[in-house]
Amino acid sequence: MLAKPSYLNELKNTGDFLTLSRNNEWHLEASEFALENGTRVTVHDTGVIEFQPRVTTTKDVVLSSAVHGNETAPIEICDSLIKQIISGELKLTQRVLFIYGNPKSINIGLRFVEENLNRLFNGHHTVEGIAMNDERVRAAKLEQYVSDFFERGEHGSARSHYDLHTAIRGSKNEKFAVYPYLHGKPWKKSQLQFLLSCGVNTVLMMKSEATTFSYYSSYVHGADSFTVELGQVKPFGQNDMTRFEKTKKTLAALISQDEVEYPQFNASDFELFAVHRTINRTEDEFSFPFSDDAENFTGFAKGELLATDGDTSYYADVEGEAIIFPNAHVALGQRALLTVIPMQIDSNFV
C-alpha cells in the first residue's frame, strides 16, 4: 500500500486532480485510495491518474490531454470526467488512465515549455547528442505509465488511446482525427463509428511513422489510438463546452458501459483523407504564401505555391491538395505542413 500524502483528502473531497497537477508541475508523490463503489484510484504522478473498477473489465482506455498546454477544451472535458468518477456520479465498468501531459505548459498557457512534447514519443525523448530537458524526461515517464497500464490489463482486453487536442488554426472540418500509420494492418470501421459518435466525421490516414503520443500507443501496444482534434485553441473560460457534448457523452459511455452500441456503419457519413506528403522546415527562412488564418483543409489548385523553405519552393502537385497543421515556426527539421487528398472506404477497412 502506498503512503498517504497530504493532498489525498482534498482530492477525495473535490475530485480536482487538474488543480493538484497544476500545483505540482513536474512531479507528484504517488498514492492510492478506494471510492465507495469499490473503484481503486491510483495517482501515479502529476497529471497521471488511474481508475480500476471492482468488476472484471474488457477495455483498457487511455484518455490524454494537455500534451500541448494551451489546448484547454480537452483538459476541461477530462477534468469533468475525473470529478464525476471520484464523486461517484459516473460509475466505471472499464479501466481508464487519464493523463494531463504537460502541467507546466498549462500554467504558462503555451503549447510547450522548451520542446514540443508531441514530437518526443516512440523513443525520440532520448537522442544521442541532444541534451535532456523536462519535456524529454516527461515523455519517457508517460510512455512507461502507458506501458505499465496496458500490461496490467485483463488478458485479451481491448486497448485504446484517445489523445485529445485542439488545433492552432480554425478548420473547414471543425473536428477531425488522425489515424496513426498501421504498418499494413487494416483500419477499423468500429473506430470510425466511435469517432462519429464523438462528433468527428473527418479522419486523416497517416502513411509513415511518427513521434506522437497516439502513434506510440498504436505501434508499441497495438492500441486503437488516435490524435483527436476537437476544434480551435482557446483560453480557459472561452470554450463553448456545448460543442463538445457528443465527445464527452461518448467517452463517458465508453468507460461506464460494458458495451456501447453505435449506429450502423455508413461510408457516406465520413470524409476521409490520405496524407499526400510532409513538408519539413530545414532552413531559417521558411514561409507560407497564405495568411495566418488560413484554415485546415484549405485546398489549392495544382501548381499553386504551398511553402518556401530557403531556396526550395513547394507547389501543389495534385488538384485540391489541402493543408493540415501549417506552422512556419517549428524547430528546424520538424514538420511544418501536412498535405492531404480525399480517399474512399475500401477493402483496407474491416
# chains A, B, ... in the order shown; residues from 1 in each chain; ligands from 1
call {"tool": "closest_atom_pairs", "arguments": {"of": "region 53-149 of chain A", "to": "region 210-234 of chain A", "cutoff": "8 Å", "atoms": "only C-alpha atoms", "output": "Markdown table"}}
result
| residue | atom | partner | partner_atom | distance |
| --- | --- | --- | --- | --- |
| A:Asn70 | CA | A:Val233 | CA | 6.9 |
| A:Glu71 | CA | A:Val233 | CA | 5.2 |
| A:Thr72 | CA | A:Lys234 | CA | 6.5 |
| A:Ala73 | CA | A:Lys234 | CA | 7.5 |
| A:Pro74 | CA | A:Leu230 | CA | 7.7 |
| A:Asn118 | CA | A:Thr212 | CA | 4.8 |
| A:Arg119 | CA | A:Thr211 | CA | 4.8 |
| A:Leu120 | CA | A:Thr211 | CA | 5.7 |
| A:Phe121 | CA | A:Thr211 | CA | 4.8 |
| A:Asn122 | CA | A:Tyr216 | CA | 5.0 |
| A:Gly123 | CA | A:Thr211 | CA | 8.0 |
| A:His124 | CA | A:Thr211 | CA | 6.7 |
| A:Glu143 | CA | A:Tyr216 | CA | 7.9 |
| A:Val146 | CA | A:Ser217 | CA | 7.7 |
| A:Ser147 | CA | A:His221 | CA | 7.4 |
call {"tool": "write_last_selection", "arguments": {"atoms": "N, CA and C atoms", "output": "PDB file, in the first residue's frame"}}
result
ATOM      1  N   ASN A  70      -1.833  24.688 -23.982  1.00  0.00           N
ATOM      2  CA  ASN A  70      -2.799  25.745 -24.279  1.00  0.00           C
ATOM      3  C   ASN A  70      -4.063  25.231 -24.955  1.00  0.00           C
ATOM      4  N   GLU A  71      -4.189  23.919 -25.107  1.00  0.00           N
ATOM      5  CA  GLU A  71      -5.355  23.323 -25.760  1.00  0.00           C
ATOM      6  C   GLU A  71      -6.348  22.929 -24.671  1.00  0.00           C
ATOM      7  N   THR A  72      -7.167  23.895 -24.274  1.00  0.00           N
ATOM      8  CA  THR A  72      -7.870  23.805 -22.998  1.00  0.00           C
ATOM      9  C   THR A  72      -9.158  22.995 -23.021  1.00  0.00           C
ATOM     10  N   ALA A  73      -9.875  22.954 -24.142  1.00  0.00           N
ATOM     11  CA  ALA A  73     -11.158  22.245 -24.152  1.00  0.00           C
ATOM     12  C   ALA A  73     -11.010  20.768 -23.758  1.00  0.00           C
ATOM     13  N   PRO A  74     -10.058  20.028 -24.316  1.00  0.00           N
ATOM     14  CA  PRO A  74      -9.902  18.635 -23.887  1.00  0.00           C
ATOM     15  C   PRO A  74      -9.544  18.510 -22.406  1.00  0.00           C
ATOM     16  N   ASN A 118       4.791  16.465 -28.134  1.00  0.00           N
ATOM     17  CA  ASN A 118       4.235  15.505 -29.084  1.00  0.00           C
ATOM     18  C   ASN A 118       5.190  15.181 -30.239  1.00  0.00           C
ATOM     19  N   ARG A 119       6.439  15.593 -30.122  1.00  0.00           N
ATOM     20  CA  ARG A 119       7.496  15.185 -31.049  1.00  0.00           C
ATOM     21  C   ARG A 119       8.551  14.335 -30.349  1.00  0.00           C
ATOM     22  N   LEU A 120       8.215  13.824 -29.138  1.00  0.00           N
ATOM     23  CA  LEU A 120       9.224  13.175 -28.310  1.00  0.00           C
ATOM     24  C   LEU A 120       8.873  11.738 -27.934  1.00  0.00           C
ATOM     25  N   PHE A 121       7.807  11.186 -28.522  1.00  0.00           N
ATOM     26  CA  PHE A 121       7.405   9.832 -28.156  1.00  0.00           C
ATOM     27  C   PHE A 121       8.006   8.791 -29.109  1.00  0.00           C
ATOM     28  N   ASN A 122       7.710   7.543 -28.782  1.00  0.00           N
ATOM     29  CA  ASN A 122       8.264   6.412 -29.530  1.00  0.00           C
ATOM     30  C   ASN A 122       9.785   6.423 -29.503  1.00  0.00           C
ATOM     31  N   GLY A 123      10.328   6.752 -28.325  1.00  0.00           N
ATOM     32  CA  GLY A 123      11.771   6.724 -28.121  1.00  0.00           C
ATOM     33  C   GLY A 123      12.510   7.988 -28.493  1.00  0.00           C
ATOM     34  N   HIS A 124      11.830   8.983 -29.052  1.00  0.00           N
ATOM     35  CA  HIS A 124      12.515  10.194 -29.504  1.00  0.00           C
ATOM     36  C   HIS A 124      12.865  11.141 -28.361  1.00  0.00           C
ATOM     37  N   GLU A 143       5.429   7.336 -21.452  1.00  0.00           N
ATOM     38  CA  GLU A 143       5.495   6.047 -22.140  1.00  0.00           C
ATOM     39  C   GLU A 143       5.459   4.901 -21.138  1.00  0.00           C
ATOM     40  N   VAL A 146       1.953   4.406 -19.560  1.00  0.00           N
ATOM     41  CA  VAL A 146       1.034   3.769 -20.506  1.00  0.00           C
ATOM     42  C   VAL A 146       1.380   2.292 -20.649  1.00  0.00           C
ATOM     43  N   SER A 147       2.659   1.981 -20.761  1.00  0.00           N
ATOM     44  CA  SER A 147       3.085   0.581 -20.878  1.00  0.00           C
ATOM     45  C   SER A 147       2.630  -0.227 -19.671  1.00  0.00           C
TER      46      SER A 147
END
call {"tool": "residues_around", "arguments": {"residues": "Phe325 (chain A)", "least_positions_apart": "4", "cutoff": "10 Å", "atoms": "only C-alpha atoms", "output": "PyMOL selection string"}}
result
chain A and resi 167-171+295-297+335-339
call {"tool": "write_last_selection", "arguments": {"atoms": "N, CA, C and O atoms", "output": "mmCIF file, in the first residue's frame"}}
result
data_model
loop_
_atom_site.group_PDB
_atom_site.id
_atom_site.type_symbol
_atom_site.label_atom_id
_atom_site.label_comp_id
_atom_site.auth_asym_id
_atom_site.auth_seq_id
_atom_site.Cartn_x
_atom_site.Cartn_y
_atom_site.Cartn_z
ATOM 1 N N ALA A 167 -6.693 22.465 -32.355
ATOM 2 C CA ALA A 167 -5.704 22.903 -33.338
ATOM 3 C C ALA A 167 -5.419 24.399 -33.219
ATOM 4 O O ALA A 167 -6.253 25.183 -32.750
ATOM 5 N N ILE A 168 -4.213 24.792 -33.655
ATOM 6 C CA ILE A 168 -3.828 26.200 -33.638
ATOM 7 C C ILE A 168 -4.763 27.013 -34.521
ATOM 8 O O ILE A 168 -5.209 28.104 -34.150
ATOM 9 N N ARG A 169 -5.062 26.486 -35.695
ATOM 10 C CA ARG A 169 -5.900 27.193 -36.667
ATOM 11 C C ARG A 169 -7.329 26.680 -36.635
ATOM 12 O O ARG A 169 -7.606 25.587 -36.155
ATOM 13 N N GLY A 170 -8.212 27.488 -37.188
ATOM 14 C CA GLY A 170 -9.552 27.006 -37.457
ATOM 15 C C GLY A 170 -9.517 25.959 -38.554
ATOM 16 O O GLY A 170 -8.479 25.727 -39.188
ATOM 17 N N SER A 171 -10.647 25.315 -38.780
ATOM 18 C CA SER A 171 -10.678 24.223 -39.748
ATOM 19 C C SER A 171 -12.003 24.223 -40.487
ATOM 20 O O SER A 171 -13.061 24.459 -39.895
ATOM 21 N N GLU A 295 -7.481 28.235 -43.005
ATOM 22 C CA GLU A 295 -7.984 27.122 -42.218
ATOM 23 C C GLU A 295 -7.382 25.786 -42.661
ATOM 24 O O GLU A 295 -7.004 25.615 -43.823
ATOM 25 N N ASN A 296 -7.311 24.846 -41.707
ATOM 26 C CA ASN A 296 -7.006 23.466 -42.065
ATOM 27 C C ASN A 296 -8.016 22.983 -43.097
ATOM 28 O O ASN A 296 -9.188 23.352 -43.064
ATOM 29 N N PHE A 297 -7.561 22.157 -44.029
ATOM 30 C CA PHE A 297 -8.347 21.589 -45.131
ATOM 31 C C PHE A 297 -8.605 22.596 -46.259
ATOM 32 O O PHE A 297 -9.390 22.311 -47.154
ATOM 33 N N ARG A 335 8.218 18.889 -38.766
ATOM 34 C CA ARG A 335 7.156 19.039 -39.753
ATOM 35 C C ARG A 335 6.533 20.423 -39.665
ATOM 36 O O ARG A 335 6.090 20.861 -38.610
ATOM 37 N N ALA A 336 6.504 21.117 -40.795
ATOM 38 C CA ALA A 336 5.854 22.426 -40.868
ATOM 39 C C ALA A 336 4.484 22.351 -41.525
ATOM 40 O O ALA A 336 3.673 23.265 -41.366
ATOM 41 N N LEU A 337 4.220 21.266 -42.258
ATOM 42 C CA LEU A 337 2.971 21.179 -43.009
ATOM 43 C C LEU A 337 2.716 19.746 -43.448
ATOM 44 O O LEU A 337 3.637 19.047 -43.875
ATOM 45 N N LEU A 338 1.473 19.321 -43.311
ATOM 46 C CA LEU A 338 0.989 18.110 -43.969
ATOM 47 C C LEU A 338 0.071 18.530 -45.103
ATOM 48 O O LEU A 338 -0.661 19.512 -44.983
ATOM 49 N N THR A 339 0.096 17.777 -46.202
ATOM 50 C CA THR A 339 -0.934 17.966 -47.216
ATOM 51 C C THR A 339 -1.684 16.650 -47.383
ATOM 52 O O THR A 339 -1.122 15.563 -47.200
#
call {"tool": "residues_around", "arguments": {"residues": "Leu8 (chain A)", "least_positions_apart": "4", "cutoff": "8 Å", "atoms": "only C-alpha atoms", "output": "MDAnalysis selection string"}}
result
chainID A and resid 4 12 31
call {"tool": "closest_residue", "arguments": {"among": "A:Lys188, A:His276, A:Lys104, A:Lys59", "to": "Ser157 (chain A)", "atoms": "only C-alpha atoms"}}
result
A:Lys59
call {"tool": "select_by_dssp", "arguments": {"residues": "region 73-291 of chain A", "states": "helix (DSSP H, G or I)", "output": "VMD selection string"}}
result
chain A and resid 73 to 87 103 to 108 117 to 119 134 to 151 189 to 197 213 to 221 241 to 256 267 to 269
call {"tool": "atom_distance", "arguments": {"atom1": "CA of Ile345 (chain A)", "atom2": "CA of Lys207 (chain A)"}}
result
15.7 Å
call {"tool": "residues_around", "arguments": {"residues": "Thr57 (chain A)", "least_positions_apart": "3", "cutoff": "10 Å", "atoms": "only C-alpha atoms", "output": "number ranges by chain"}}
result
A: 52-54, 60, 92-95, 153-155, 157-158, 255, 258
call {"tool": "closest_residue", "arguments": {"among": "A:Gln264, A:Ser160, A:Ser87, A:Gln238", "to": "Lys189 (chain A)", "atoms": "only C-alpha atoms"}}
result
A:Gln264
call {"tool": "residues_around", "arguments": {"residues": "Val137 (chain A)", "least_positions_apart": "2", "cutoff": "10 Å", "atoms": "only C-alpha atoms", "output": "count of residues only"}}
result
13
